[in-house]
file data.cif (mmCIF, C-alpha atoms)
data_entry
loop_
_atom_site.label_atom_id
_atom_site.label_comp_id
_atom_site.auth_asym_id
_atom_site.auth_seq_id
_atom_site.Cartn_x
_atom_site.Cartn_y
_atom_site.Cartn_z
CA MET F 114 -35.12 -64.34 -17.79
CA ARG F 115 -35.34 -60.56 -17.62
CA CYS F 116 -32.96 -58.24 -19.44
CA LEU F 117 -31.25 -55.52 -17.35
CA ASN F 118 -31.21 -51.99 -18.70
CA GLN F 119 -27.60 -51.20 -19.57
CA ASP F 120 -28.27 -47.42 -19.92
CA SER F 121 -28.24 -46.58 -16.20
CA PHE F 122 -25.42 -45.70 -13.78
CA THR F 123 -24.66 -47.47 -10.56
CA ILE F 124 -24.62 -45.57 -7.28
CA ALA F 125 -20.83 -45.99 -7.09
CA GLU F 126 -20.35 -44.37 -10.51
CA LEU F 127 -22.60 -41.45 -9.53
CA LEU F 128 -20.70 -40.94 -6.27
CA ILE F 129 -17.37 -40.91 -8.12
CA VAL F 130 -18.63 -38.27 -10.57
CA ILE F 131 -20.07 -36.12 -7.75
CA GLY F 132 -16.76 -36.43 -5.86
CA LEU F 133 -14.77 -35.35 -8.91
CA ILE F 134 -17.07 -32.34 -9.44
CA GLY F 135 -16.62 -31.43 -5.77
CA ILE F 136 -12.83 -31.57 -6.06
CA LEU F 137 -12.87 -29.42 -9.21
CA LEU F 138 -15.12 -26.84 -7.52
CA THR F 139 -12.88 -26.74 -4.45
CA VAL F 140 -9.76 -26.15 -6.54
CA THR F 141 -11.57 -23.45 -8.54
CA VAL F 142 -12.82 -21.59 -5.45
CA ILE F 143 -9.38 -21.71 -3.79
CA SER F 144 -7.67 -20.45 -6.96
CA TYR F 145 -10.18 -17.62 -7.24
CA ALA F 146 -9.66 -16.57 -3.60
CA VAL F 147 -5.85 -16.61 -3.96
CA SER F 148 -6.10 -14.63 -7.18
CA ASN F 149 -8.33 -11.99 -5.56
CA ARG F 150 -6.01 -11.64 -2.58
CA SER F 151 -2.98 -11.36 -4.85
CA THR F 152 -4.73 -8.69 -6.93
CA ASP F 153 -5.63 -6.71 -3.79
CA GLN F 154 -2.04 -6.90 -2.55
CA ARG F 155 -0.61 -5.81 -5.88
CA ALA F 156 -3.14 -2.95 -6.13
CA GLY F 157 -2.17 -1.76 -2.64
CA VAL F 158 1.53 -1.73 -3.49
CA GLU F 159 0.92 0.08 -6.78
CA MET F 160 -1.32 2.59 -5.02
CA LEU F 161 1.36 3.23 -2.41
CA LYS F 162 3.92 3.87 -5.16
CA GLU F 163 1.47 6.22 -6.88
CA GLU F 164 0.91 8.10 -3.62
CA ILE F 165 4.68 8.61 -3.24
CA ARG F 166 4.78 9.98 -6.81
CA ARG F 167 1.87 12.30 -5.95
CA VAL F 168 3.77 13.69 -2.96
CA TYR F 169 6.75 14.37 -5.24
CA SER F 170 4.44 16.12 -7.71
CA LEU F 171 2.89 18.25 -4.97
CA ALA F 172 6.37 19.34 -3.86
CA ASN F 173 7.29 20.10 -7.46
CA SER F 174 4.38 22.54 -7.70
CA ALA F 175 4.79 23.96 -4.18
CA VAL F 176 4.16 27.66 -3.55
CA LYS F 177 6.24 29.99 -1.39
CA THR F 178 4.95 30.88 2.06
CA ASN F 179 6.94 33.44 4.06
CA GLY F 180 9.88 33.12 1.65
CA GLN F 181 10.09 29.29 1.77
CA ARG F 182 8.55 26.78 -0.62
CA ASP F 183 6.04 24.44 1.02
CA ARG F 184 7.32 20.91 1.55
CA TYR F 185 5.38 17.68 1.25
CA ARG F 186 5.96 14.57 3.30
CA ILE F 187 4.73 10.98 3.33
CA GLU F 188 4.95 9.25 6.72
CA PHE F 189 4.64 5.56 7.54
CA ARG F 190 3.51 3.56 10.59
CA ARG F 191 4.19 -0.11 10.60
CA LEU F 192 2.81 -2.87 12.79
CA GLY F 193 4.13 -2.75 16.33
CA GLU F 194 4.86 0.97 16.22
CA GLY F 195 3.13 3.37 18.57
CA SER F 196 -0.60 3.33 19.14
CA ASP F 197 -3.33 2.86 16.57
CA PRO F 198 -3.60 3.10 13.65
CA LYS F 199 -0.92 0.74 12.38
CA ASN F 200 0.15 -0.36 8.92
CA CYS F 201 -0.69 3.05 7.45
CA TYR F 202 0.70 6.15 5.82
CA ARG F 203 -0.31 9.78 5.61
CA VAL F 204 0.62 12.82 3.53
CA LEU F 205 1.49 16.14 5.13
CA LYS F 206 2.03 19.63 3.77
CA LEU F 207 4.71 21.51 5.70
CA THR F 208 4.29 25.30 5.61
CA TRP F 209 6.90 27.75 6.92
CA ASN F 210 5.43 30.20 9.44
CA GLY F 211 8.57 32.30 9.75
CA SER F 212 10.21 30.28 12.52
CA SER F 213 9.26 26.61 12.04
CA TRP F 214 7.56 24.13 9.70
CA VAL F 215 3.88 23.63 10.49
CA PRO F 216 2.35 20.31 9.32
CA GLY F 217 -1.10 20.06 7.79
CA VAL F 218 -2.86 16.92 6.54
CA VAL F 219 -3.31 16.46 2.78
CA PRO F 220 -6.46 14.41 1.95
CA ALA F 221 -5.77 10.91 0.67
CA MET F 222 -6.52 9.74 -2.84
CA ARG F 223 -9.85 7.89 -2.86
CA GLN F 224 -9.33 4.48 -4.39
CA THR F 225 -10.99 1.13 -3.89
CA SER F 226 -7.94 -0.51 -2.33
CA VAL F 227 -7.61 2.27 0.27
CA LYS F 228 -9.09 2.21 3.74
CA ILE F 229 -9.10 5.54 5.58
CA VAL F 230 -8.55 4.63 9.22
CA ASP F 231 -8.18 8.09 10.81
CA GLU F 232 -9.48 10.85 8.56
CA ALA F 233 -8.81 13.67 11.05
CA ASN F 234 -5.09 12.85 11.17
CA GLY F 235 -4.88 11.61 7.57
CA TRP F 236 -3.90 7.99 8.24
CA VAL F 237 -4.66 5.65 5.35
CA ARG F 238 -4.22 1.88 5.05
CA PRO F 239 -3.19 1.03 1.49
CA PHE F 240 -4.63 -2.47 1.63
CA SER F 241 -8.30 -3.33 2.06
CA SER F 242 -7.46 -6.51 3.96
CA GLY F 243 -5.12 -6.90 6.91
CA GLU F 244 -2.45 -8.31 4.62
CA PRO F 245 0.04 -7.33 3.32
CA TYR F 246 1.60 -4.92 5.77
CA ILE F 247 4.33 -2.29 5.91
CA ASN F 248 7.20 -4.25 7.42
CA ALA F 249 10.19 -1.91 7.49
CA TYR F 250 11.76 1.18 6.02
CA THR F 251 15.26 2.58 5.80
CA GLY F 252 16.95 5.89 5.08
CA MET F 253 14.04 8.03 6.25
CA SER F 254 13.86 11.08 8.47
CA THR F 255 11.74 11.35 11.60
CA LEU F 256 9.24 14.14 12.16
CA SER F 257 6.85 14.15 15.14
CA GLY F 258 7.80 10.56 15.91
CA TYR F 259 7.05 9.02 12.50
CA ASN F 260 9.46 7.88 9.79
CA GLY F 261 8.91 9.30 6.35
CA VAL F 262 10.25 11.12 3.33
CA THR F 263 10.00 14.88 2.86
CA PHE F 264 10.21 16.22 -0.69
CA VAL F 265 11.81 19.65 -0.95
CA SER F 266 11.52 21.82 -4.06
CA LYS F 267 14.75 23.64 -4.88
CA GLY F 268 13.49 25.57 -7.85
CA SER F 269 13.94 23.38 -10.90
CA ILE F 270 14.56 20.13 -8.99
CA VAL F 271 12.91 18.27 -6.14
CA GLU F 272 15.00 16.33 -3.64
CA THR F 273 14.30 14.32 -0.55
CA ASP F 274 15.32 15.68 2.84
CA THR F 275 17.96 12.99 3.38
CA ALA F 276 20.66 11.80 0.99
CA GLY F 277 20.64 8.33 -0.51
CA GLU F 278 18.00 5.78 -1.32
CA LYS F 279 14.99 5.21 0.94
CA THR F 280 13.08 1.94 1.03
CA VAL F 281 9.67 0.79 2.16
CA ILE F 282 9.40 -2.96 2.54
CA VAL F 283 5.91 -4.39 2.20
CA ARG F 284 5.52 -7.93 3.57
CA VAL F 285 3.16 -10.06 1.51
CA PRO F 286 2.23 -13.24 3.38
CA PRO F 287 3.23 -15.98 3.52
CA ASN F 288 6.87 -14.98 3.04
CA SER F 289 7.57 -12.55 0.25
CA ASP F 290 8.65 -8.93 0.48
CA ILE F 291 8.15 -6.16 -2.04
CA THR F 292 10.69 -3.35 -1.72
CA ILE F 293 9.70 0.11 -2.92
CA ARG F 294 12.76 2.28 -3.53
CA ILE F 295 12.72 6.08 -3.47
CA SER F 296 15.79 7.83 -4.85
CA GLN F 297 17.15 11.11 -3.52
CA TYR F 298 15.59 12.81 -6.56
CA GLY F 299 12.16 11.24 -6.10
CA SER F 300 12.04 8.40 -8.59
CA VAL F 301 10.04 5.42 -7.33
CA SER F 302 10.83 1.84 -8.33
CA GLU F 303 10.35 -1.70 -7.15
#
call {"tool": "encode", "arguments": {"input": "data.cif", "output": "structure tokens"}}
result
Amino acid sequence: MRCLNQDSFTIAELLIVIGLIGILLTVTVISYAVSNRSTDQRAGVEMLKEEIRRVYSLANSAVKTNGQRDRYRIEFRRLGEGSDPKNCYRVLKLTWNGSSWVPGVVPAMRQTSVKIVDEANGWVRPFSSGEPYINAYTGMSTLSGYNGVTFVSKGSIVETDTAGEKTVIVRVPPNSDITIRISQYGSVSE
């Protein structure tokens, strides 16, 4: 009678081990992809908040043109609004020409999470992927058809052009919203 070698694995045991390794790899890859998407979304929201703070800072250091201090404005376009581009923002410098405010585009901050979609008109998408998206905003003024916030320097203080709190709601799929709040005096919070 021959003795069987007890040191080897059966095909069934090998298939079970390979299956378990496959499941572990699948879970790892999915977790990594979700983590990367979440990081991109968070970076986009933080960058948008930083851009709002930059607009406030620009208004705080505004110079006088024709007797009026320049104003700075951040405008938003959400999905379903107007023509392309959508889900974007832009920064404008408003200069007084003696009879009206003339808008000029302020170049966007160059960051990895930013996608410049219309450089000539200054439109920037704060998220490198299609998600999340700017869902809604409240308390904002309209200039040339776009909702936004204008920061006005009044000497030692900077205020927004409309009273009360303004909000930008960023929808992060599947179903969570991040609300960015802008106070009348320019503080930005979440």
call {"tool": "atom_distance", "arguments": {"input": "data.cif", "atom1": "CA of Asn179 in chain F", "atom2": "CA of Arg203 in chain F"}}
result
24.8 Å
call {"tool": "resolve_selection", "arguments": {"input": "data.cif", "expression": "the PyMOL selection byres ((chain F and resi 298) around 7)", "output": "PyMOL selection string"}}
result
chain F and resi 271-273+296-297+299-300
call {"tool": "closest_residue", "arguments": {"input": "data.cif", "among": "F:Val283, F:Ile131, F:Val176, F:Val142", "to": "Pro239 in chain F", "atoms": "all atoms listed in the file"}}
result
F:Val283
call {"tool": "atom_distance", "arguments": {"input": "data.cif", "atom1": "CA of Ala175 in chain F", "atom2": "CA of Tyr250 in chain F"}}
result
25.9 Å
call {"tool": "atom_distance", "arguments": {"input": "data.cif", "atom1": "CA of Met253 in chain F", "atom2": "CA of Thr275 in chain F"}}
result
6.9 Å
call {"tool": "closest_residue", "arguments": {"input": "data.cif", "among": "F:Ala221, F:Ala233, F:Ile293, F:Val262", "to": "Tyr185 in chain F", "atoms": "all atoms listed in the file"}}
result
F:Val262
call {"tool": "resolve_selection", "arguments": {"input": "data.cif", "expression": "the PyMOL selection byres ((chain F and resi 172) around 8)", "output": "MDAnalysis selection string"}}
result
chainID F and resid 168:171 173:175 183:185 264:266 271
call {"tool": "resolve_selection", "arguments": {"input": "data.cif", "expression": "the PyMOL selection byres ((chain F and resi 217) around 8)", "output": "PyMOL selection string"}}
result
chain F and resi 205-208+215-216+218-219
call {"tool": "axis_aligned_box", "arguments": {"input": "data.cif", "around": "range 278-289 of chain F", "padding_each_side": "5 Å", "output": "AutoDock Vina command-line options"}}
result
--center_x 10.1 --center_y -5.1 --center_z 1.1 --size_x 25.8 --size_y 31.8 --size_z 14.9
